[in-house]
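Novice: Data: run-v1.cif, mmCIF, C-alpha atoms.
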```cif
data_my_file
#
loop_
_atom_site.label_atom_id
_atom_site.label_comp_id
_atom_site.auth_asym_id
_atom_site.auth_seq_id
_atom_site.Cartn_x
_atom_site.Cartn_y
_atom_site.Cartn_z
CA MET A 1 47.25 1.54 65.82
CA LEU A 2 46.96 0.58 62.18
CA THR A 3 49.98 0.95 59.95
CA PRO A 4 49.76 3.01 56.76
CA ARG A 5 49.76 -0.24 54.79
CA GLN A 6 46.85 -1.63 56.80
CA ILE A 7 44.90 1.61 56.36
CA PHE A 8 45.65 1.52 52.64
CA LEU A 9 44.37 -2.05 52.32
CA HIS A 10 41.27 -1.71 54.53
CA HIS A 11 40.12 1.90 54.34
CA GLN A 12 41.27 3.06 50.90
CA ALA A 13 39.42 1.79 47.85
CA GLN A 14 41.49 -0.60 45.74
CA THR A 15 41.70 -1.04 41.98
CA SER A 16 43.22 -4.52 41.88
CA PRO A 17 43.72 -7.49 44.22
CA ALA A 18 47.52 -7.15 44.01
CA PRO A 19 48.77 -3.55 44.45
CA LEU A 20 52.53 -2.97 44.40
CA LEU A 21 52.48 -1.73 48.04
CA ILE A 22 55.65 0.37 47.82
CA GLU A 23 55.33 2.77 50.77
CA VAL A 24 56.48 6.08 49.34
CA GLU A 25 58.56 8.25 51.65
CA HIS A 26 59.57 10.90 49.10
CA ALA A 27 60.38 11.36 45.42
CA LYS A 28 62.91 13.51 43.62
CA GLY A 29 63.99 13.67 39.99
CA SER A 30 63.82 10.21 38.45
CA TYR A 31 63.64 8.45 41.83
CA ILE A 32 60.99 7.31 44.27
CA TYR A 33 62.19 6.37 47.77
CA ASP A 34 60.40 3.97 50.11
CA LYS A 35 60.28 4.24 53.89
CA GLU A 36 63.57 2.29 54.15
CA GLN A 37 65.09 4.91 51.78
CA LYS A 38 65.51 2.35 49.02
CA PRO A 39 65.65 4.24 45.70
CA TYR A 40 63.65 3.14 42.68
CA ILE A 41 64.08 4.68 39.25
CA ASP A 42 60.58 5.62 38.11
CA PHE A 43 60.87 4.23 34.60
CA ILE A 44 57.19 4.88 33.82
CA SER A 45 56.83 8.43 35.21
CA GLY A 46 53.77 7.49 37.24
CA ILE A 47 52.22 6.29 33.93
CA GLY A 48 53.34 9.28 31.90
CA VAL A 49 52.64 12.00 34.47
CA SER A 50 56.01 13.12 35.83
CA ALA A 51 57.31 14.45 32.51
CA VAL A 52 60.05 16.54 34.13
CA GLY A 53 60.65 14.18 37.03
CA HIS A 54 59.42 14.34 40.58
CA CYS A 55 59.40 17.68 42.38
CA HIS A 56 61.25 19.65 39.72
CA PRO A 57 62.43 22.84 41.47
CA LYS A 58 60.81 25.14 38.90
CA VAL A 59 57.47 23.32 39.17
CA VAL A 60 57.61 23.32 42.98
CA GLU A 61 58.47 27.02 42.97
CA ALA A 62 55.48 27.80 40.75
CA ILE A 63 53.17 25.73 42.97
CA LYS A 64 54.35 27.45 46.14
CA LYS A 65 54.10 30.93 44.64
CA GLN A 66 50.57 30.38 43.35
CA ALA A 67 49.37 28.63 46.52
CA GLU A 68 50.45 31.70 48.51
CA THR A 69 48.66 34.03 46.04
CA TYR A 70 45.27 32.33 45.65
CA MET A 71 43.85 28.89 45.09
CA HIS A 72 40.22 28.17 44.16
CA VAL A 73 38.19 31.36 43.74
CA MET A 74 35.34 30.48 41.35
CA VAL A 75 34.10 27.72 39.08
CA TYR A 76 35.91 27.50 35.76
CA GLY A 77 35.23 30.18 33.17
CA GLU A 78 33.84 33.03 35.29
CA PHE A 79 36.83 34.92 36.72
CA VAL A 80 39.96 36.02 34.84
CA GLN A 81 42.76 34.10 36.54
CA THR A 82 46.37 34.74 35.50
CA PRO A 83 47.58 31.11 35.76
CA GLN A 84 44.81 30.00 33.39
CA THR A 85 45.35 32.80 30.89
CA GLN A 86 49.13 32.34 30.87
CA LEU A 87 48.82 28.61 30.27
CA ALA A 88 46.20 29.11 27.55
CA ALA A 89 48.43 31.67 25.83
CA LYS A 90 51.46 29.36 26.02
CA LEU A 91 49.53 26.45 24.48
CA ALA A 92 48.17 28.74 21.75
CA SER A 93 51.73 29.81 20.92
CA LEU A 94 52.75 26.18 20.46
CA LEU A 95 49.72 24.94 18.53
CA PRO A 96 48.33 25.56 15.01
CA GLU A 97 45.83 28.34 14.33
CA THR A 98 42.89 25.95 14.50
CA LEU A 99 43.80 24.86 18.04
CA GLN A 100 43.85 28.16 19.88
CA CYS A 101 41.16 27.80 22.56
CA SER A 102 41.75 25.60 25.63
CA TYR A 103 39.19 24.33 28.10
CA PHE A 104 40.96 23.19 31.28
CA VAL A 105 39.68 20.25 33.29
CA ASN A 106 41.02 17.93 35.99
CA SER A 107 42.07 14.77 34.16
CA GLY A 108 42.38 12.94 30.87
CA SER A 109 38.99 11.26 31.24
CA GLU A 110 37.38 14.65 31.72
CA ALA A 111 39.18 16.01 28.67
CA ILE A 112 37.71 13.17 26.60
CA GLU A 113 34.24 13.77 28.04
CA GLY A 114 34.42 17.44 27.09
CA ALA A 115 35.73 16.65 23.61
CA LEU A 116 32.89 14.17 22.96
CA LYS A 117 30.28 16.69 24.09
CA LEU A 118 31.81 19.40 21.92
CA ALA A 119 31.84 17.15 18.85
CA LYS A 120 28.21 16.16 19.29
CA ARG A 121 27.20 19.75 19.92
CA VAL A 122 28.89 21.28 16.86
CA THR A 123 27.91 18.51 14.41
CA GLY A 124 24.42 17.79 15.68
CA ARG A 125 25.26 14.09 15.26
CA THR A 126 25.45 11.27 17.79
CA GLU A 127 27.69 8.46 16.49
CA LEU A 128 31.10 8.19 18.13
CA ILE A 129 33.83 6.05 16.60
CA SER A 130 36.98 4.73 18.24
CA PHE A 131 39.38 1.81 17.71
CA GLU A 132 40.13 -1.63 19.08
CA ASN A 133 42.35 -1.69 22.17
CA ALA A 134 42.07 2.07 22.61
CA TYR A 135 42.07 3.50 26.12
CA HIS A 136 40.50 6.91 26.68
CA GLY A 137 39.57 6.85 30.39
CA SER A 138 37.19 5.21 32.84
CA THR A 139 34.26 7.62 33.17
CA HIS A 140 31.07 6.50 31.45
CA GLY A 141 31.53 8.44 28.21
CA ALA A 142 35.21 7.58 27.92
CA LEU A 143 34.49 3.97 28.85
CA SER A 144 31.85 3.83 26.10
CA ILE A 145 34.51 4.39 23.44
CA MET A 146 37.13 2.15 25.04
CA GLY A 147 38.24 -0.48 22.54
CA ASN A 148 38.08 -3.50 24.85
CA ASP A 149 34.81 -5.16 25.87
CA ALA A 150 36.30 -6.94 28.89
CA PHE A 151 36.60 -3.60 30.67
CA LYS A 152 33.14 -2.42 29.57
CA ASN A 153 30.76 -5.34 30.03
CA ALA A 154 30.29 -4.98 33.79
CA TYR A 155 29.08 -1.39 33.38
CA ARG A 156 26.60 -1.62 30.53
CA PRO A 157 24.44 0.02 29.35
CA LEU A 158 26.91 2.67 28.25
CA LEU A 159 26.51 5.44 25.66
CA PRO A 160 24.51 4.31 22.64
CA ASP A 161 25.57 4.85 19.04
CA THR A 162 29.25 3.97 19.43
CA ARG A 163 31.31 1.90 17.05
CA VAL A 164 34.78 0.38 17.40
CA LEU A 165 36.89 -0.08 14.27
CA LYS A 166 40.05 -2.02 13.51
CA TYR A 167 43.12 0.18 13.75
CA ASN A 168 45.55 0.82 10.88
CA THR A 169 42.96 -0.56 8.46
CA GLU A 170 41.84 1.92 5.80
CA GLU A 171 38.97 -0.30 4.67
CA GLU A 172 37.28 0.49 7.99
CA PHE A 173 36.89 4.13 6.95
CA GLN A 174 33.68 3.11 5.15
CA HIS A 175 31.99 3.13 8.58
CA ILE A 176 32.84 6.81 9.11
CA THR A 177 29.88 8.59 7.49
CA THR A 178 27.82 11.77 7.54
CA ARG A 179 26.05 10.51 10.67
CA THR A 180 29.32 10.28 12.61
CA ALA A 181 29.98 13.08 15.10
CA ALA A 182 33.58 12.22 15.93
CA VAL A 183 36.41 9.80 15.44
CA VAL A 184 38.64 9.52 18.51
CA VAL A 185 42.15 8.14 18.06
CA GLU A 186 45.35 8.11 20.08
CA THR A 187 48.07 9.70 17.96
CA ILE A 188 50.44 7.10 19.45
CA ARG A 189 48.51 4.26 21.03
CA GLY A 190 49.45 3.80 24.68
CA GLU A 191 47.74 0.80 26.24
CA ALA A 192 47.83 -1.12 22.96
CA GLY A 193 51.61 -1.25 23.49
CA ALA A 194 53.24 1.96 22.22
CA GLN A 195 51.78 1.32 18.76
CA LEU A 196 52.47 3.76 15.92
CA PRO A 197 50.17 4.45 12.96
CA GLU A 198 51.08 3.05 9.57
CA PRO A 199 52.61 5.61 7.16
CA GLU A 200 49.97 8.07 5.91
CA TYR A 201 47.23 6.38 7.98
CA LEU A 202 46.44 9.50 10.00
CA GLN A 203 46.60 11.71 6.90
CA LYS A 204 44.05 9.50 5.15
CA LEU A 205 41.88 9.39 8.26
CA ARG A 206 42.02 13.19 8.42
CA ALA A 207 40.97 13.48 4.77
CA HIS A 208 38.07 11.07 5.22
CA CYS A 209 36.80 12.90 8.31
CA THR A 210 37.01 16.25 6.53
CA GLU A 211 35.12 14.90 3.54
CA ASN A 212 32.27 13.71 5.79
CA GLY A 213 32.19 16.67 8.17
CA VAL A 214 33.38 14.53 11.10
CA MET A 215 35.30 15.93 14.05
CA LEU A 216 38.71 14.25 14.37
CA ILE A 217 39.82 14.05 18.00
CA PHE A 218 43.42 13.22 18.83
CA ASP A 219 43.96 11.75 22.27
CA GLU A 220 47.45 12.83 23.35
CA ILE A 221 46.82 12.32 27.04
CA GLN A 222 49.70 9.85 27.28
CA CYS A 223 51.80 10.68 24.22
CA GLY A 224 51.69 14.50 24.28
CA ILE A 225 53.88 17.16 25.92
CA GLY A 226 57.26 15.96 24.69
CA ARG A 227 56.86 12.23 25.24
CA THR A 228 57.59 11.46 21.57
CA GLY A 229 60.40 13.98 21.07
CA LYS A 230 58.05 16.68 19.81
CA MET A 231 55.80 18.80 22.00
CA PHE A 232 52.74 17.20 20.39
CA ALA A 233 52.81 13.77 18.77
CA PHE A 234 50.71 14.86 15.77
CA GLU A 235 53.66 17.02 14.67
CA HIS A 236 55.35 13.80 13.47
CA TYR A 237 52.57 13.22 10.95
CA SER A 238 51.69 16.67 9.57
CA VAL A 239 48.06 16.14 10.55
CA ILE A 240 46.01 18.57 12.66
CA PRO A 241 42.95 17.35 14.59
CA ASP A 242 39.76 19.34 15.13
CA ILE A 243 40.01 18.71 18.86
CA LEU A 244 43.11 17.80 20.90
CA THR A 245 43.05 16.29 24.39
CA LEU A 246 45.92 16.56 26.86
CA ALA A 247 46.55 15.56 30.48
CA LYS A 248 49.10 13.46 32.41
CA GLY A 249 52.51 14.99 31.59
CA ILE A 250 51.29 18.56 31.15
CA GLY A 251 50.87 19.13 34.89
CA GLY A 252 54.38 18.33 36.01
CA GLY A 253 52.84 16.06 38.67
CA MET A 254 49.68 18.06 39.35
CA PRO A 255 46.20 16.99 38.15
CA ILE A 256 45.13 18.85 35.02
CA GLY A 257 43.73 18.06 31.59
CA ALA A 258 42.53 20.07 28.61
CA PHE A 259 40.53 19.75 25.44
CA ILE A 260 41.55 22.23 22.79
CA ALA A 261 39.82 23.40 19.61
CA SER A 262 39.22 26.57 17.62
CA TYR A 263 37.56 29.57 19.24
CA ASN A 264 34.53 29.20 16.98
CA LEU A 265 34.02 25.53 17.86
CA MET A 266 34.44 26.13 21.59
CA GLN A 267 31.81 28.90 21.53
CA ALA A 268 29.19 26.19 21.02
CA LEU A 269 29.46 25.36 24.73
CA THR A 270 28.41 28.88 25.80
CA HIS A 271 24.79 28.87 24.62
CA ASP A 272 21.75 26.65 23.98
CA PRO A 273 22.23 25.76 26.78
CA VAL A 274 24.39 28.21 28.68
CA LEU A 275 27.04 26.32 30.70
CA GLY A 276 27.15 23.65 28.01
CA HIS A 277 30.16 22.27 29.85
CA ILE A 278 31.09 23.22 33.41
CA THR A 279 33.60 22.15 36.05
CA THR A 280 34.20 23.39 39.58
CA PHE A 281 37.90 22.64 39.91
CA GLY A 282 38.95 22.55 36.24
CA GLY A 283 41.81 24.93 35.55
CA HIS A 284 42.73 25.09 39.22
CA PRO A 285 45.21 27.99 39.46
CA VAL A 286 47.87 25.95 41.25
CA CYS A 287 47.66 23.19 38.63
CA CYS A 288 47.77 25.73 35.78
CA ALA A 289 50.85 27.36 37.30
CA ALA A 290 52.51 23.96 37.57
CA ALA A 291 51.62 23.12 33.96
CA LEU A 292 53.08 26.37 32.64
CA ALA A 293 56.28 25.75 34.61
CA CYS A 294 56.45 22.19 33.26
CA ILE A 295 56.22 23.35 29.64
CA GLU A 296 58.82 26.04 30.27
CA VAL A 297 61.19 23.46 31.77
CA ILE A 298 60.82 21.30 28.65
CA GLU A 299 61.62 24.33 26.50
CA ASN A 300 64.39 25.91 28.60
CA GLU A 301 66.22 22.66 29.30
CA LYS A 302 65.88 21.65 25.62
CA LEU A 303 64.45 18.30 26.61
CA LEU A 304 62.93 17.49 23.23
CA SER A 305 66.32 17.12 21.55
CA LEU A 306 67.50 15.02 24.49
CA VAL A 307 64.49 12.73 24.09
CA ASN A 308 65.69 11.84 20.61
CA GLN A 309 69.16 10.95 21.94
CA LYS A 310 67.65 8.77 24.65
CA GLU A 311 65.43 7.03 22.11
CA GLN A 312 68.55 5.93 20.26
CA ARG A 313 70.10 4.60 23.47
CA ILE A 314 67.02 2.53 24.22
CA LYS A 315 66.98 1.00 20.74
CA GLU A 316 70.72 0.27 20.84
CA THR A 317 70.68 -1.29 24.32
CA LEU A 318 67.55 -3.43 24.43
CA LYS A 319 68.82 -6.54 22.69
CA HIS A 320 68.21 -9.93 24.28
CA PRO A 321 67.15 -13.38 23.01
CA LYS A 322 64.02 -13.24 25.18
CA ILE A 323 62.90 -9.90 23.69
CA LEU A 324 60.62 -10.66 20.76
CA ASN A 325 60.17 -7.07 19.62
CA ILE A 326 60.35 -3.46 20.76
CA SER A 327 58.03 -0.72 19.52
CA GLY A 328 57.61 2.93 20.28
CA ILE A 329 58.96 6.41 19.76
CA GLY A 330 60.76 9.01 21.85
CA LEU A 331 60.44 7.91 25.47
CA LEU A 332 57.40 5.66 25.11
CA TRP A 333 58.40 2.06 24.40
CA ALA A 334 57.04 -1.45 24.71
CA ILE A 335 59.25 -4.54 25.10
CA GLU A 336 57.49 -7.68 23.95
CA PHE A 337 57.95 -11.06 25.63
CA ALA A 338 56.37 -14.45 25.09
CA ASP A 339 53.40 -14.02 27.43
CA PHE A 340 52.06 -12.11 30.42
CA GLU A 341 53.47 -14.55 32.96
CA GLN A 342 57.01 -14.03 31.74
CA THR A 343 56.52 -10.27 31.49
CA LYS A 344 55.12 -10.11 35.04
CA ARG A 345 58.07 -12.04 36.46
CA ILE A 346 60.49 -9.68 34.71
CA ILE A 347 58.59 -6.62 35.96
CA ASP A 348 58.63 -7.94 39.52
CA ARG A 349 62.36 -8.61 39.30
CA CYS A 350 62.96 -5.13 37.86
CA ILE A 351 61.23 -3.61 40.89
CA GLU A 352 63.35 -5.76 43.21
CA ASN A 353 66.38 -4.43 41.32
CA GLY A 354 65.27 -0.83 41.82
CA VAL A 355 63.49 -0.04 38.53
CA ILE A 356 59.74 0.56 38.48
CA THR A 357 58.06 -0.56 35.29
CA ASP A 358 54.72 -2.04 34.31
CA TRP A 359 52.79 -3.73 31.51
CA PHE A 360 50.23 -2.30 29.10
CA LEU A 361 46.52 -2.68 29.73
CA PHE A 362 45.76 -4.20 26.32
CA ALA A 363 49.20 -5.68 25.66
CA SER A 364 49.98 -7.50 28.87
CA ASN A 365 52.94 -9.38 27.35
CA LYS A 366 54.77 -6.07 26.87
CA LEU A 367 56.86 -4.17 29.41
CA ARG A 368 56.40 -0.39 29.56
CA ILE A 369 59.22 2.16 29.31
CA ALA A 370 58.22 5.81 29.78
CA PRO A 371 60.75 7.58 32.04
CA PRO A 372 60.84 11.31 32.80
CA LEU A 373 61.97 13.33 29.81
CA ASN A 374 64.89 14.69 31.84
CA ILE A 375 66.19 11.34 33.07
CA SER A 376 69.98 11.46 32.87
CA MET A 377 71.91 9.21 30.51
CA ASP A 378 73.51 7.48 33.51
CA GLU A 379 70.10 6.81 35.04
CA LEU A 380 68.76 5.62 31.71
CA ASP A 381 71.72 3.28 31.19
CA PHE A 382 71.36 1.88 34.71
CA ALA A 383 67.66 1.20 34.26
CA LEU A 384 68.18 -0.46 30.87
CA GLN A 385 70.94 -2.67 32.29
CA MET A 386 68.67 -3.63 35.20
CA ILE A 387 65.99 -4.68 32.74
CA LEU A 388 68.47 -6.89 30.91
CA LYS A 389 69.76 -8.24 34.22
CA SER A 390 66.19 -8.99 35.34
CA ILE A 391 65.49 -10.83 32.09
CA ASP A 392 68.58 -12.98 32.67
CA GLU A 393 67.62 -13.69 36.27
CA VAL A 394 64.08 -14.70 35.38
CA ALA A 395 65.23 -16.75 32.37
#
```
Represent the supplied structure as C-alpha cells.
Specialist:
Amino acid sequence: MLTPRQIFLHHQAQTSPAPLLIEVEHAKGSYIYDKEQKPYIDFISGIGVSAVGHCHPKVVEAIKKQAETYMHVMVYGEFVQTPQTQLAAKLASLLPETLQCSYFVNSGSEAIEGALKLAKRVTGRTELISFENAYHGSTHGALSIMGNDAFKNAYRPLLPDTRVLKYNTEEEFQHITTRTAAVVVETIRGEAGAQLPEPEYLQKLRAHCTENGVMLIFDEIQCGIGRTGKMFAFEHYSVIPDILTLAKGIGGGMPIGAFIASYNLMQALTHDPVLGHITTFGGHPVCCAAALACIEVIENEKLLSLVNQKEQRIKETLKHPKILNISGIGLLWAIEFADFEQTKRIIDRCIENGVITDWFLFASNKLRIAPPLNISMDELDFALQMILKSIDEVA
C-alpha cells in the first residue's frame, strides 16, 4: 500500500520539484503539527490565509452551523442566501460609500479576473496596466498582468493590450491614458518583498487615473483584512480605489475571494450580456459564514491594535549582521539577505527549528514573515529568536 507521501508525489499534481513534504496531522492556533506531533509555528499563515490562526473556534462554529443548515443551493447571484447577505453588509459597513457592492468568488485570481472584466466593461476600453514584479494570480487574465516575464513566457499568447510599468516612478504615469481601462496595483506589494509605496505615490496615481477616466484597482488579496494593522491597507494612504479585490485572509482558512465596487459599476455585469460574470461556487454559504466569523474575530478580539504592537516587536528584535534590510508593515515583513542560496539555507534551518517561513516569488533573497494576526507575544518572540538562531547556525 502506498504511503500518503508516495500518493502525494505520484498521484497529486506538483507545483515544484522540491515540495516541503511536511505531513500535516492537524493544526491549531499558530501551530501546524506533523504526523510525529512535532509542532511548527506557521509564521506565514499559509501565505496570508490563516489570519486568525488555524481552526479558530468561532470560525469552526460558523462553518459547522452553516454546513448543517445548507451548503450549495444555486449558482451565485440567483437565490437570497443569508451568509452572503450578512458578509456583504459587514463589508459595506467597513468600506467607503463607493465600495458598497461585493461580488463573491472562490479565490484571489478569480477576484482579479472579475475586476478586469468589470473595468473593461464600464470603460469600453481594453488596455490593462500593472507593475513590475507584481503578482495577481495564475489564471490567464491574472497571469497577463503579472509583472515578471519568466512566469509568463511559457504560456503565451496571453491577453493583448497589457503594459507593465516601473513601480514607485511617477514619470511612468504618462503611459496611463484615455485608452487605458484599468491600472492594477497591490496596495502593499507582496511577492516583490513586502514593498511599500513611496509617500503620496498612490494619491498621485489616483489623481492621474481620475483625470483620464481609468479604473484604479487595488489588489489587497495578500495585504487586506488586518494584515497591515488596518482592516484595509488603503486606509493608510487616504486613497480609495474604484475596485477592491480581497481573498486569502478573509476566509479564516476557507476559500473565498471578492471584487468590490459601487452598485452602479457592478450593475454593468447584469446586462448586455446578461450573466456578464458568473460563478457556480462563488459565495459558497459555508465560506461566507467563515469569512463573516473571521472579520468578527478581528473586531471582537481587537486584533488590529495588537498587530501594531507586534510590528514594533519585529522591528526591535530582527537585528543581525547578516540581515541587510527589513521592510514591511503590520504583520507582513521581508528580511533581506545576500542571495537566494543563503536565504534558502536559513529558511530550511528555521523549519528544522520549528518555524515555517518562506521566500518571496520576486524577491528570493528575502525571508517572509506573515504570522496569524492573533499570534501571541510569546509565540512571536519564540519564532523571532528561532530565526536569529537559524541565521547563526547557517552563518
Novice: Can you work out the spacing between CA of Pro321 (chain A) and CA of Asp392 (chain A) in Å, to one decimal?
Specialist: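 Atom-to-atom, CA of Pro321 (chain A) to CA of Asp392 (chain A), that is 9.8 Å.
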Novice: Point out the residue among A:Gly147, A:Pro241, A:Ala291, A:Pro285 with the least atom-to-atom distance to Thr69 (chain A), counting only C-alpha atoms.
Specialist: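 Closest to Thr69 (chain A), using only C-alpha atoms: A:Pro285.
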Novice: Which residues are near Thr82 (chain A)? Cut-off 10 Å, all atoms listed in the file, ignore same chain within fewer than 4 positions. Put them as a count of residues only.
Specialist: 7
Novice: If you count only C-alpha atoms, which residues fall within 10 Å of region 12-20 of chain A, apart from same-chain ones fewer than 5 positions away, as a PyMOL selection string?
Specialist: chain A and resi 5-7+348+351+356
Novice: Applying 12 Å and all atoms listed in the file, which residues near Lys90 (chain A) remain after dropping the ones on its own chain fewer than 3 positions away? List them as an NGL selection string.
Specialist: :A and (83-87 or 93-95 or 99-102 or 250 or 288-289 or 291-296 or 299)
Novice: Identify, on the basis of only C-alpha atoms, every residue whose closest approach to Ile129 (chain A) does not exceed 10 Å; exclude the query and any residue fewer than 5 positions from it along the same chain; express the result as a VMD selection string.
Specialist: chain A and resid 144 to 147 161 to 165 175 to 176 180 to 185 216
Novice: Using C-alpha atoms, can you export the residues from the last selection as a CSV table (one decimal), in the coordinates of the input?
Specialist:
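See result.csv below for the written result:
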```
chain,number,residue,atom,x,y,z
A,144,SER,CA,31.8,3.8,26.1
A,145,ILE,CA,34.5,4.4,23.4
A,146,MET,CA,37.1,2.2,25.0
A,147,GLY,CA,38.2,-0.5,22.5
A,161,ASP,CA,25.6,4.8,19.0
A,162,THR,CA,29.2,4.0,19.4
A,163,ARG,CA,31.3,1.9,17.0
A,164,VAL,CA,34.8,0.4,17.4
A,165,LEU,CA,36.9,-0.1,14.3
A,175,HIS,CA,32.0,3.1,8.6
A,176,ILE,CA,32.8,6.8,9.1
A,180,THR,CA,29.3,10.3,12.6
A,181,ALA,CA,30.0,13.1,15.1
A,182,ALA,CA,33.6,12.2,15.9
A,183,VAL,CA,36.4,9.8,15.4
A,184,VAL,CA,38.6,9.5,18.5
A,185,VAL,CA,42.2,8.1,18.1
A,216,LEU,CA,38.7,14.2,14.4
```
Novice: Report as an MDAnalysis selection string the full result of the PyMOL selection byres ((chain A and resi 131-140) around 6) when it is applied to this structure.
Specialist: chainID A and resid 109 130 141:143 146:148 164:167 192 362
Novice: Can you translate the PyMOL selection byres ((chain A and resi 195-202) around 9) into the concrete residues it hits in this file, as a PyMOL selection string?
Specialist: chain A and resi 167-170+187-194+203-207+234+237-239+327-329+333-334
Novice: Using only C-alpha atoms, list the residues that have an atom at most 9 Å from (41.2, 14.0, 25.6), coordinates as in the file, as a PyMOL selection string.
Specialist: chain A and resi 107-116+136-137+184+217-221+243-247+257-260
Novice: Using the structure block above, produce a file of region 249-313 of chain A that contains C-alpha atoms, as a PDB file, in the first residue's frame.
Specialist:
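Okay, this is what ended up in decode_22.pdb:
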```pdb
ATOM      1  CA  GLY A 249      -7.172  36.123   4.938  1.00  0.00           C
ATOM      2  CA  ILE A 250     -10.850  37.000   4.620  1.00  0.00           C
ATOM      3  CA  GLY A 251     -11.974  33.367   4.747  1.00  0.00           C
ATOM      4  CA  GLY A 252     -10.414  32.377   8.037  1.00  0.00           C
ATOM      5  CA  GLY A 253      -8.989  29.321   6.257  1.00  0.00           C
ATOM      6  CA  MET A 254     -11.827  28.727   3.796  1.00  0.00           C
ATOM      7  CA  PRO A 255     -11.585  29.524   0.053  1.00  0.00           C
ATOM      8  CA  ILE A 256     -13.247  32.816  -0.832  1.00  0.00           C
ATOM      9  CA  GLY A 257     -12.440  35.989  -2.728  1.00  0.00           C
ATOM     10  CA  ALA A 258     -14.301  39.142  -3.681  1.00  0.00           C
ATOM     11  CA  PHE A 259     -14.131  42.093  -6.015  1.00  0.00           C
ATOM     12  CA  ILE A 260     -15.901  45.144  -4.677  1.00  0.00           C
ATOM     13  CA  ALA A 261     -17.076  48.342  -6.367  1.00  0.00           C
ATOM     14  CA  SER A 262     -20.018  50.728  -6.341  1.00  0.00           C
ATOM     15  CA  TYR A 263     -23.535  49.464  -7.012  1.00  0.00           C
ATOM     16  CA  ASN A 264     -23.695  51.438 -10.250  1.00  0.00           C
ATOM     17  CA  LEU A 265     -20.437  49.990 -11.581  1.00  0.00           C
ATOM     18  CA  MET A 266     -21.371  46.435 -10.647  1.00  0.00           C
ATOM     19  CA  GLN A 267     -24.706  46.727 -12.475  1.00  0.00           C
ATOM     20  CA  ALA A 268     -22.745  46.646 -15.737  1.00  0.00           C
ATOM     21  CA  LEU A 269     -22.351  42.881 -15.302  1.00  0.00           C
ATOM     22  CA  THR A 270     -26.126  42.276 -15.312  1.00  0.00           C
ATOM     23  CA  HIS A 271     -26.930  43.204 -18.920  1.00  0.00           C
ATOM     24  CA  ASP A 272     -25.536  43.300 -22.467  1.00  0.00           C
ATOM     25  CA  PRO A 273     -24.910  40.439 -21.940  1.00  0.00           C
ATOM     26  CA  VAL A 274     -26.912  39.073 -19.051  1.00  0.00           C
ATOM     27  CA  LEU A 275     -24.656  36.973 -16.777  1.00  0.00           C
ATOM     28  CA  GLY A 276     -21.741  39.241 -17.620  1.00  0.00           C
ATOM     29  CA  HIS A 277     -19.853  37.427 -14.886  1.00  0.00           C
ATOM     30  CA  ILE A 278     -20.959  34.113 -13.385  1.00  0.00           C
ATOM     31  CA  THR A 279     -19.602  31.520 -10.968  1.00  0.00           C
ATOM     32  CA  THR A 280     -21.070  28.262  -9.716  1.00  0.00           C
ATOM     33  CA  PHE A 281     -19.409  28.067  -6.311  1.00  0.00           C
ATOM     34  CA  GLY A 282     -18.588  31.747  -5.707  1.00  0.00           C
ATOM     35  CA  GLY A 283     -20.011  32.968  -2.421  1.00  0.00           C
ATOM     36  CA  HIS A 284     -20.382  29.434  -1.111  1.00  0.00           C
ATOM     37  CA  PRO A 285     -22.524  29.791   2.030  1.00  0.00           C
ATOM     38  CA  VAL A 286     -20.091  27.906   4.258  1.00  0.00           C
ATOM     39  CA  CYS A 287     -17.180  30.068   3.081  1.00  0.00           C
ATOM     40  CA  CYS A 288     -19.214  33.258   3.542  1.00  0.00           C
ATOM     41  CA  ALA A 289     -20.149  32.211   7.074  1.00  0.00           C
ATOM     42  CA  ALA A 290     -16.486  31.553   7.833  1.00  0.00           C
ATOM     43  CA  ALA A 291     -15.472  34.930   6.389  1.00  0.00           C
ATOM     44  CA  LEU A 292     -18.027  36.812   8.487  1.00  0.00           C
ATOM     45  CA  ALA A 293     -16.827  34.989  11.604  1.00  0.00           C
ATOM     46  CA  CYS A 294     -13.208  35.801  10.726  1.00  0.00           C
ATOM     47  CA  ILE A 295     -13.930  39.533  10.425  1.00  0.00           C
ATOM     48  CA  GLU A 296     -15.889  39.484  13.678  1.00  0.00           C
ATOM     49  CA  VAL A 297     -12.980  37.777  15.451  1.00  0.00           C
ATOM     50  CA  ILE A 298     -10.624  40.518  14.225  1.00  0.00           C
ATOM     51  CA  GLU A 299     -13.037  43.140  15.549  1.00  0.00           C
ATOM     52  CA  ASN A 300     -14.071  41.484  18.824  1.00  0.00           C
ATOM     53  CA  GLU A 301     -10.567  40.434  19.830  1.00  0.00           C
ATOM     54  CA  LYS A 302      -9.232  43.892  18.866  1.00  0.00           C
ATOM     55  CA  LEU A 303      -6.528  42.320  16.748  1.00  0.00           C
ATOM     56  CA  LEU A 304      -5.735  45.439  14.727  1.00  0.00           C
ATOM     57  CA  SER A 305      -4.273  47.265  17.724  1.00  0.00           C
ATOM     58  CA  LEU A 306      -2.320  44.137  18.623  1.00  0.00           C
ATOM     59  CA  VAL A 307      -0.880  43.985  15.105  1.00  0.00           C
ATOM     60  CA  ASN A 308       0.729  47.369  15.677  1.00  0.00           C
ATOM     61  CA  GLN A 309       2.331  46.155  18.927  1.00  0.00           C
ATOM     62  CA  LYS A 310       3.677  43.062  17.197  1.00  0.00           C
ATOM     63  CA  GLU A 311       5.064  45.158  14.361  1.00  0.00           C
ATOM     64  CA  GLN A 312       7.178  47.038  16.888  1.00  0.00           C
ATOM     65  CA  ARG A 313       8.461  43.773  18.375  1.00  0.00           C
TER      66      ARG A 313
END
```
